[in-house]
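The structure under discussion appears below in the form of structure tokens.
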Amino acid sequence: MNVSIPCVCPTLDGGVRHPDGDTVTLRDKLAFRAVEAIRQEVSIFALQEPEATTADSLAIFAEGYVLHGIESWTLQQDGPKGRAELIEVNRGNIRQLILDDLMVADAVSTAADALYAEAVLLPLLARASQSSPSTPTGKSTSASRPTGTRRPRRSRPSSITTIPTGDTETTSAPLDGVSNSSPNSASAA
């Protein structure tokens, strides 16, 4: 895929080398190693920066697409004999000439995202959805007891021991089943 950008070619006189702009060519697809490098960079960043946001991760993906996706370009510089020569595509030059210019970086990363995001992100999303349990769960989610431990036993109800005193008299239950030992027993029933 070709992406048109404004000319960012360095010149000795500070002028614009290509008034009609330059072209950056992106690879049709990223190689396995490039995809894994981008994914690992995002993972490492998330570990190192606990307060990282999703936006931070997406920015790392976008930067990775640019760093690994540029195959060639029309960017030139003045050679040793004053003749224009192509600038080598490497990380240092990509950072200096593409990523350091917000407008150029945005144009190239937007095109790269359209090319590579599906191949890089979809497998990650598929893995994440397979690793999380489906709801509702089939098994109990209550905490289980460690093996070998017994359940605590219920305590016995406390008993009141009556010790006869001098002012206590023994009563017996009447034959009709109604107790008259308490003046409030009729009202309690």
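For the structure tokens, the naming scheme is as follows: chains receive sequential letters (A, B, ...) according to their order of presentation, residues are indexed from 1 within each chain, and ligands are indexed from 1 in presentation order.
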
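Around range 86-93 of chain A, within 10 Å and counting only C-alpha atoms, the residues found are Cys9, Pro10, Val66, Leu67, His68, Ile70, Glu71, Ser72, Trp73, Thr74, Leu75, Gln76, Gln77, Asp78, Gly79, Ile98, Leu99 and Asp100 of chain A, once anything fewer than 5 positions away on its own chain is removed.
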
Just to confirm, what's the straight-line distance from CA of Met103 in chain A to CA of Tyr116 in chain A in Å (one decimal)? 19.9 Å

With a distance cut-off of 10 Å and only C-alpha atoms, select the neighbouring residues of Glu63 in chain A, excluding the residue or stretch itself and same-chain residues fewer than 2 positions from it, and output the selection as a PyMOL selection string. chain A and resi 38+57-61+65-69+95+99+105-106+108-109+112-113

Residues from last step as file, C-alpha atoms, as a JSON list (two decimals), in the first residue's frame:
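Okay, selection.json is ready:
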```
[["chain", "number", "residue", "atom", "x", "y", "z"],
["A", 38, "ILE", "CA", 4.66, -5.54, 18.60],
["A", 57, "SER", "CA", -1.41, 0.31, 24.31],
["A", 58, "LEU", "CA", -3.08, 1.31, 21.04],
["A", 59, "ALA", "CA", -0.40, 3.97, 20.52],
["A", 60, "ILE", "CA", 2.30, 1.31, 20.92],
["A", 61, "PHE", "CA", 0.51, -0.87, 18.38],
["A", 65, "TYR", "CA", 2.92, -0.91, 12.67],
["A", 66, "VAL", "CA", 4.95, 2.02, 11.34],
["A", 67, "LEU", "CA", 8.33, 0.71, 12.52],
["A", 68, "HIS", "CA", 7.76, -2.79, 11.12],
["A", 69, "GLY", "CA", 5.47, -1.98, 8.22],
["A", 95, "ARG", "CA", 11.65, 7.65, 13.99],
["A", 99, "LEU", "CA", 7.31, 9.43, 13.77],
["A", 105, "ALA", "CA", 3.09, 9.83, 11.52],
["A", 106, "ASP", "CA", -0.70, 10.08, 11.66],
["A", 108, "VAL", "CA", 1.26, 6.49, 7.85],
["A", 109, "SER", "CA", 0.00, 4.93, 11.10],
["A", 112, "ALA", "CA", -0.80, 0.81, 8.64],
["A", 113, "ASP", "CA", -3.52, 0.27, 11.22]]
```

What is the CA of Ala34 in chain A-CA of Thr110 in chain A distance in Å, reported with one decimal? 17.7 Å

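Across A:Gly64, A:Asp56, A:Gly82, A:Asp22, the tightest approach to Glu41 in chain A is made by A:Gly64 when counting only C-alpha atoms.
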
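Straight-line separation from CA of Ala114 in chain A to CA of Arg27 in chain A: 12.0 Å.
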
Could you tell me which of A:Glu51, A:Ala46, A:Val16, A:Asp28 comes closest to Met1 in chain A if we count only C-alpha atoms? A:Asp28
